[in-house]
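Engineer: Take this structure first; my questions come after.
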Amino acid sequence: MSSPRVSVIIPSYNHEKYIKECIESVLTQTYSDTEILVIDDASKDNTPEILKGYENGIRLILHDTNRGTYKVLNEGLSLAKGEYCAILNSDDVWLPKKLELQVHLMDAHPEYVFCHTYGKFIDQNGKEIPGRPMGFEFPRVPSGDILPRLVTNNCVIASSVLLRVEIARTVCGFDESFRNLGDWDMWLRLAEQGEVGFVDEVLTLYRVHGENTIYQKETTRKEEIRIREALLSKKDELLRKSSQPREMRHALAHTAACLGTLYSITGKPREARQVYLEALRLYPLRAKTWLRYLLTFAPLWVRQRTL
């Protein structure tokens, strides 16, 4: 029997309210050459019992201890038999043509290391949430070299991604030391390997609720600092290799300015001034950076209320 083209990895944890809709959205895909790997990371609710009802249609792995999202995703990558791998968080949903359109795009463009889709935010009941409920709009990024955009911020929703398994393994998968932003780190490393595709149709539904990891602000802030520091540490290499040097320069200026703000509001004004000056060397015309540089000389409470 031939291997499936697509391995779907569903990392599952405490989503008994959503897991049925999640799995059904995979089972009803118009593209059927798939395997479904569901790895439950020691859920404390009724999720494991619900999953056992799908054992004839999925490959189910139940863990006794919680390992974390990125260890689970790497486990899925190691077990995947497909040429492609798709990630679906257990509270999110796909529309029926999601995999079909992505496989078609990836087959047509071997230069794409992964592709992602447009989508919508939904609430706990599956109703669309307009606007910016997570503080950002659902990403809409044209296909091509998106590395400068990723240097600016994470513009890829994990549940919208289809990636080449071989390339994901080549970059050593997800960094398991992250808790919240390991997907952004992964997209950055993948985007250094080639171009990224985008299907500009609503195909991924991202569920917004009180347990989204983005609300873990302290951990997320520390990990954002770590990622932006790493990007600045190799800015010369990124500029040298970039196919869009002007865009990359502006992206690095933005990431330096963001890092300055993170330093400033966490009580590190000296470090903030240093990276703000680096941002201004890269892009001296950005007035907002000059203003924030001057704010580093203000008391901490002023910076925290202003930035």
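As shown in the structure tokens, the chain order sets the letters A, B, ...; within each chain, residues go from 1, and ligands are also counted from 1 in the order they appear.
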I need the strand (DSSP E) residues of stretch 116-231 of chain A per DSSP on the backbone, written as a ChimeraX atom specification.

Structural biologist: /A:116-122,162-164,195-207

Engineer: Give me, as a PDB file with N, CA and C atoms, in the first residue's frame, all polymer residues having an atom no more than 8 Å from A:Tyr112, counting only C-alpha atoms and skipping those fewer than 4 positions away in the same chain.

Structural biologist:
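The result, stored in out39.pdb:
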ATOM      1  N   MET A 106       1.230  23.358  -3.988  1.00  0.00           N
ATOM      2  CA  MET A 106       2.572  22.863  -3.691  1.00  0.00           C
ATOM      3  C   MET A 106       3.105  21.983  -4.810  1.00  0.00           C
ATOM      4  N   GLY A 144       5.598  33.986  -2.297  1.00  0.00           N
ATOM      5  CA  GLY A 144       6.927  34.443  -2.687  1.00  0.00           C
ATOM      6  C   GLY A 144       7.889  34.438  -1.516  1.00  0.00           C
ATOM      7  N   GLY A 194      13.529  28.775   1.223  1.00  0.00           N
ATOM      8  CA  GLY A 194      12.852  28.948  -0.064  1.00  0.00           C
ATOM      9  C   GLY A 194      11.621  29.824   0.062  1.00  0.00           C
ATOM     10  N   GLU A 195      10.827  29.856  -1.005  1.00  0.00           N
ATOM     11  CA  GLU A 195       9.646  30.697  -1.028  1.00  0.00           C
ATOM     12  C   GLU A 195       8.465  30.021  -0.325  1.00  0.00           C
ATOM     13  N   VAL A 196       7.459  30.826  -0.056  1.00  0.00           N
ATOM     14  CA  VAL A 196       6.270  30.354   0.669  1.00  0.00           C
ATOM     15  C   VAL A 196       5.031  30.662  -0.170  1.00  0.00           C
ATOM     16  N   GLY A 197       4.138  29.684  -0.269  1.00  0.00           N
ATOM     17  CA  GLY A 197       2.913  29.865  -1.034  1.00  0.00           C
ATOM     18  C   GLY A 197       1.748  30.313  -0.163  1.00  0.00           C
TER      19      GLY A 197
END

Engineer: Produce a table with one row for each residue of stretch 81-187 of chain A that has an atom at most 10 Å from any atom of stretch 234-242 of chain A, each row naming the nearest atom pair and its distance in Å at one decimal; use only C-alpha atoms; arrange rows by chain and rising residue number; format as JSON lines.

Structural biologist:
{"residue": "A:Asp145", "atom": "CA", "partner": "A:Ser242", "partner_atom": "CA", "distance": 8.9}
{"residue": "A:Leu147", "atom": "CA", "partner": "A:Ser242", "partner_atom": "CA", "distance": 8.3}
{"residue": "A:Pro148", "atom": "CA", "partner": "A:Ser242", "partner_atom": "CA", "distance": 8.3}
{"residue": "A:Val151", "atom": "CA", "partner": "A:Leu238", "partner_atom": "CA", "distance": 9.7}

Engineer: Could you please take those selected residues and save C-alpha atoms as a PDB file, in the first residue's frame?

Structural biologist:
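Output file result.pdb is given in full below:
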ATOM      1  CA  ASP A 145       9.843  35.457  -0.477  1.00  0.00           C
ATOM      2  CA  LEU A 147      11.112  36.295   5.006  1.00  0.00           C
ATOM      3  CA  PRO A 148      11.171  40.096   5.485  1.00  0.00           C
ATOM      4  CA  VAL A 151      11.164  39.123  10.399  1.00  0.00           C
TER       5      VAL A 151
END

Engineer: Any idea what's packed within 9 Å of stretch 127-130 of chain A, counting only C-alpha atoms, ignoring anything in its chain fewer than 6 positions away? Could you give it as a PyMOL selection string?

Structural biologist: chain A and resi 120-121+137+205+208

Engineer: Create the file for the chosen residues now, containing C-alpha atoms and written as a PDB file, in the first residue's frame.

Structural biologist:
ATOM      1  CA  LYS A 120     -11.446  33.813   9.656  1.00  0.00           C
ATOM      2  CA  PHE A 121     -11.603  34.071  13.413  1.00  0.00           C
ATOM      3  CA  GLU A 137      -6.073  40.705  11.295  1.00  0.00           C
ATOM      4  CA  LEU A 205     -11.065  28.937  10.961  1.00  0.00           C
ATOM      5  CA  VAL A 208     -10.665  32.550  19.764  1.00  0.00           C
TER       6      VAL A 208
END

Engineer: Would you list the contacts of A:Gly173 as an mmCIF file with N, CA and C atoms, in the first residue's frame, taking every protein, DNA or RNA residue within 9 Å and counting only C-alpha atoms, but skipping same-chain residues closer than 5 positions in sequence?

Structural biologist:
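Resulting contents of result.cif:
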data_model
loop_
_atom_site.group_PDB
_atom_site.id
_atom_site.type_symbol
_atom_site.label_atom_id
_atom_site.label_comp_id
_atom_site.auth_asym_id
_atom_site.auth_seq_id
_atom_site.Cartn_x
_atom_site.Cartn_y
_atom_site.Cartn_z
ATOM 1 N N TYR A 70 5.194 21.709 21.092
ATOM 2 C CA TYR A 70 6.232 21.529 20.065
ATOM 3 C C TYR A 70 6.884 20.154 20.125
ATOM 4 N N LEU A 73 4.301 18.131 18.227
ATOM 5 C CA LEU A 73 4.395 18.338 16.778
ATOM 6 C C LEU A 73 5.609 17.619 16.201
ATOM 7 N N ASN A 74 6.732 17.641 16.909
ATOM 8 C CA ASN A 74 7.912 16.924 16.430
ATOM 9 C C ASN A 74 7.682 15.415 16.427
ATOM 10 N N LEU A 77 5.816 14.806 13.319
ATOM 11 C CA LEU A 77 6.704 14.866 12.149
ATOM 12 C C LEU A 77 7.537 13.599 12.015
ATOM 13 N N ILE A 167 11.731 18.889 4.225
ATOM 14 C CA ILE A 167 12.371 20.159 4.574
ATOM 15 C C ILE A 167 12.186 20.456 6.058
ATOM 16 N N ALA A 168 11.009 20.135 6.592
ATOM 17 C CA ALA A 168 10.786 20.347 8.027
ATOM 18 C C ALA A 168 11.773 19.540 8.857
ATOM 19 N N MET A 186 9.846 28.444 13.721
ATOM 20 C CA MET A 186 9.887 27.438 12.659
ATOM 21 C C MET A 186 9.661 28.070 11.292
#

Engineer: Using only C-alpha atoms, which protein or nucleic acid residues come within 7 Å of A:Leu88? Drop anything in the same chain fewer than 2 positions from it, and give the result as a VMD selection string.

Structural biologist: chain A and resid 9 to 10 86 90 92 159

Engineer: With only C-alpha atoms as the counted atoms, please give the residues lying no more than 7 Å from stretch 280-289 of chain A, apart from itself and same-chain residues fewer than 3 positions off, as an MDAnalysis selection string.

Structural biologist: chainID A and resid 249:250 253 257 276:277 292:293

Engineer: Which is closer to A:Thr117 than all the others in A:Ile36, A:Leu60, A:Val72, A:Leu105, using only C-alpha atoms?

Structural biologist: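 Checking each of A:Ile36, A:Leu60, A:Val72, A:Leu105 against A:Thr117, counting only C-alpha atoms, the winner is A:Leu105.
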
Engineer: Please identify all polymer residues within 8 Å of A:Ile61, counting only C-alpha atoms, omitting same-chain residues fewer than 5 positions from it, and present them as number ranges by chain.

Structural biologist: A: 37-40

Engineer: Store the residues of this selection in a file with C-alpha atoms, as a PDB file, in the first residue's frame.

Structural biologist:
ATOM      1  CA  LEU A  37      -2.313  11.530  13.506  1.00  0.00           C
ATOM      2  CA  VAL A  38      -3.967  12.731  16.704  1.00  0.00           C
ATOM      3  CA  ILE A  39      -1.609  13.051  19.653  1.00  0.00           C
ATOM      4  CA  ASP A  40      -3.324  13.849  22.927  1.00  0.00           C
TER       5      ASP A  40
END

Engineer: When DSSP is applied to the backbone of this structure, which of stretch 196-231 of chain A are assigned alpha helix (DSSP H)? Write them out as a ChimeraX atom specification.

Structural biologist: /A:217-231

Engineer: Based on the selection just made, write all heavy atoms of those residues as a CSV table (one decimal), in the first residue's frame.

Structural biologist:
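Output below, filename again35.csv:
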chain,number,residue,atom,x,y,z
A,217,LYS,N,0.9,36.3,28.5
A,217,LYS,CA,1.6,37.4,28.1
A,217,LYS,C,3.1,37.4,28.5
A,217,LYS,O,4.0,37.8,27.7
A,217,LYS,CB,1.0,38.7,28.5
A,217,LYS,CG,-0.4,39.0,27.9
A,217,LYS,CD,-1.0,40.3,28.3
A,217,LYS,CE,-2.3,40.5,27.6
A,217,LYS,NZ,-2.9,41.8,27.9
A,218,GLU,N,3.4,37.0,29.7
A,218,GLU,CA,4.8,37.0,30.2
A,218,GLU,C,5.7,36.1,29.4
A,218,GLU,O,6.8,36.4,28.9
A,218,GLU,CB,4.9,36.7,31.7
A,218,GLU,CG,6.3,36.8,32.2
A,218,GLU,CD,6.3,36.6,33.7
A,218,GLU,OE1,5.2,36.5,34.4
A,218,GLU,OE2,7.4,36.6,34.3
A,219,THR,N,5.2,34.8,29.2
A,219,THR,CA,5.9,33.8,28.4
A,219,THR,C,6.1,34.3,27.0
A,219,THR,O,7.2,34.2,26.4
A,219,THR,CB,5.2,32.5,28.5
A,219,THR,OG1,5.2,32.0,29.8
A,219,THR,CG2,6.0,31.4,27.7
A,220,THR,N,5.0,34.8,26.4
A,220,THR,CA,5.1,35.2,25.0
A,220,THR,C,6.0,36.4,24.9
A,220,THR,O,6.8,36.4,23.9
A,220,THR,CB,3.6,35.7,24.6
A,220,THR,OG1,2.8,34.6,24.7
A,220,THR,CG2,3.7,36.2,23.1
A,221,ARG,N,6.1,37.3,25.8
A,221,ARG,CA,7.0,38.5,25.7
A,221,ARG,C,8.4,38.0,25.8
A,221,ARG,O,9.3,38.4,25.0
A,221,ARG,CB,6.7,39.4,26.9
A,221,ARG,CG,7.6,40.6,26.9
A,221,ARG,CD,7.2,41.5,28.1
A,221,ARG,NE,5.9,42.1,27.9
A,221,ARG,CZ,5.2,42.7,28.9
A,221,ARG,NH1,5.8,42.7,30.1
A,221,ARG,NH2,4.1,43.2,28.7
A,222,LYS,N,8.7,37.1,26.7
A,222,LYS,CA,10.1,36.6,26.8
A,222,LYS,C,10.5,35.9,25.5
A,222,LYS,O,11.7,36.0,25.1
A,222,LYS,CB,10.2,35.6,28.0
A,222,LYS,CG,10.1,36.3,29.3
A,222,LYS,CD,10.2,35.2,30.5
A,222,LYS,CE,10.1,35.9,31.8
A,222,LYS,NZ,10.1,34.9,32.9
A,223,GLU,N,9.6,35.1,24.9
A,223,GLU,CA,10.0,34.4,23.7
A,223,GLU,C,10.1,35.3,22.5
A,223,GLU,O,10.9,35.1,21.6
A,223,GLU,CB,8.9,33.3,23.4
A,223,GLU,CG,9.0,32.2,24.5
A,223,GLU,CD,8.1,31.0,24.2
A,223,GLU,OE1,7.4,31.0,23.2
A,223,GLU,OE2,8.2,30.0,25.0
A,224,GLU,N,9.3,36.4,22.5
A,224,GLU,CA,9.4,37.4,21.4
A,224,GLU,C,10.8,38.1,21.5
A,224,GLU,O,11.5,38.3,20.5
A,224,GLU,CB,8.3,38.4,21.5
A,224,GLU,CG,8.4,39.5,20.4
A,224,GLU,CD,7.4,40.5,20.4
A,224,GLU,OE1,6.4,40.4,21.2
A,224,GLU,OE2,7.5,41.5,19.6
A,225,ILE,N,11.2,38.4,22.7
A,225,ILE,CA,12.6,39.0,22.9
A,225,ILE,C,13.6,38.0,22.4
A,225,ILE,O,14.5,38.5,21.7
A,225,ILE,CB,12.8,39.3,24.4
A,225,ILE,CG1,11.9,40.5,24.9
A,225,ILE,CG2,14.3,39.6,24.7
A,225,ILE,CD1,12.0,40.7,26.4
A,226,ARG,N,13.5,36.8,22.7
A,226,ARG,CA,14.5,35.8,22.3
A,226,ARG,C,14.5,35.7,20.8
A,226,ARG,O,15.6,35.7,20.2
A,226,ARG,CB,14.1,34.4,22.9
A,226,ARG,CG,14.9,33.3,22.4
A,226,ARG,CD,14.4,32.0,23.0
A,226,ARG,NE,15.0,30.8,22.4
A,226,ARG,CZ,14.6,29.6,22.6
A,226,ARG,NH1,13.6,29.4,23.5
A,226,ARG,NH2,15.1,28.6,22.0
A,227,ILE,N,13.4,35.7,20.1
A,227,ILE,CA,13.4,35.6,18.6
A,227,ILE,C,14.0,36.8,18.0
A,227,ILE,O,14.8,36.8,17.1
A,227,ILE,CB,12.0,35.3,18.1
A,227,ILE,CG1,11.6,33.9,18.5
A,227,ILE,CG2,11.9,35.5,16.6
A,227,ILE,CD1,10.1,33.5,18.2
A,228,ARG,N,13.6,38.0,18.5
A,228,ARG,CA,14.1,39.3,17.9
A,228,ARG,C,15.6,39.4,18.1
A,228,ARG,O,16.3,40.0,17.3
A,228,ARG,CB,13.2,40.4,18.4
A,228,ARG,CG,11.8,40.4,17.9
A,228,ARG,CD,11.1,41.7,18.1
A,228,ARG,NE,9.6,41.6,17.8
A,228,ARG,CZ,9.1,41.6,16.5
A,228,ARG,NH1,9.9,41.7,15.5
A,228,ARG,NH2,7.8,41.6,16.3
A,229,GLU,N,16.0,39.0,19.3
A,229,GLU,CA,17.5,39.1,19.6
A,229,GLU,C,18.2,38.2,18.6
A,229,GLU,O,19.3,38.6,18.0
A,229,GLU,CB,17.8,38.6,21.0
A,229,GLU,CG,17.4,39.6,22.1
A,229,GLU,CD,17.6,39.1,23.5
A,229,GLU,OE1,17.7,37.9,23.6
A,229,GLU,OE2,17.8,39.9,24.4
A,230,ALA,N,17.7,37.0,18.3
A,230,ALA,CA,18.4,36.1,17.4
A,230,ALA,C,18.4,36.7,16.0
A,230,ALA,O,19.4,36.5,15.2
A,230,ALA,CB,17.6,34.7,17.4
A,231,LEU,N,17.3,37.3,15.6
A,231,LEU,CA,17.2,37.9,14.2
A,231,LEU,C,18.3,39.0,14.1
A,231,LEU,O,19.0,39.1,13.1
A,231,LEU,CB,15.8,38.5,14.0
A,231,LEU,CG,14.8,37.4,13.7
A,231,LEU,CD1,13.4,38.1,13.7
A,231,LEU,CD2,15.0,36.7,12.3

Engineer: Considering only C-alpha atoms, can you say which of A:Gln244, A:Thr204, A:Ser143, A:Asn154 comes closest to A:Trp187?

Structural biologist: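 Among A:Gln244, A:Thr204, A:Ser143, A:Asn154, it is A:Asn154 that comes nearest to A:Trp187.
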
Engineer: So, counting only C-alpha atoms, which residue among A:Arg273, A:His63, A:Arg207, A:Arg132 is closest to A:Trp94?

Structural biologist: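 Looking at the shortest contact to A:Trp94, the residue is A:Arg207.
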
Engineer: Taking only C-alpha atoms into account, name the residue in A:Glu201, A:Glu271, A:Asp91, A:Glu111 that is nearest to A:Cys22.

Structural biologist: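 Using only C-alpha atoms, the shortest distance to A:Cys22 belongs to A:Asp91.
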
Engineer: For atom CA of A:Phe138 and atom CA of A:Ile157, determine how far apart the two atoms are, in Å to one decimal place.

Structural biologist: 8.0 Å

Engineer: Separation of atom CA of A:Leu27 and atom CA of A:Pro96, in Å?

Structural biologist: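 Straight-line distance from atom CA of A:Leu27 to atom CA of A:Pro96 works out to 8.9 Å.
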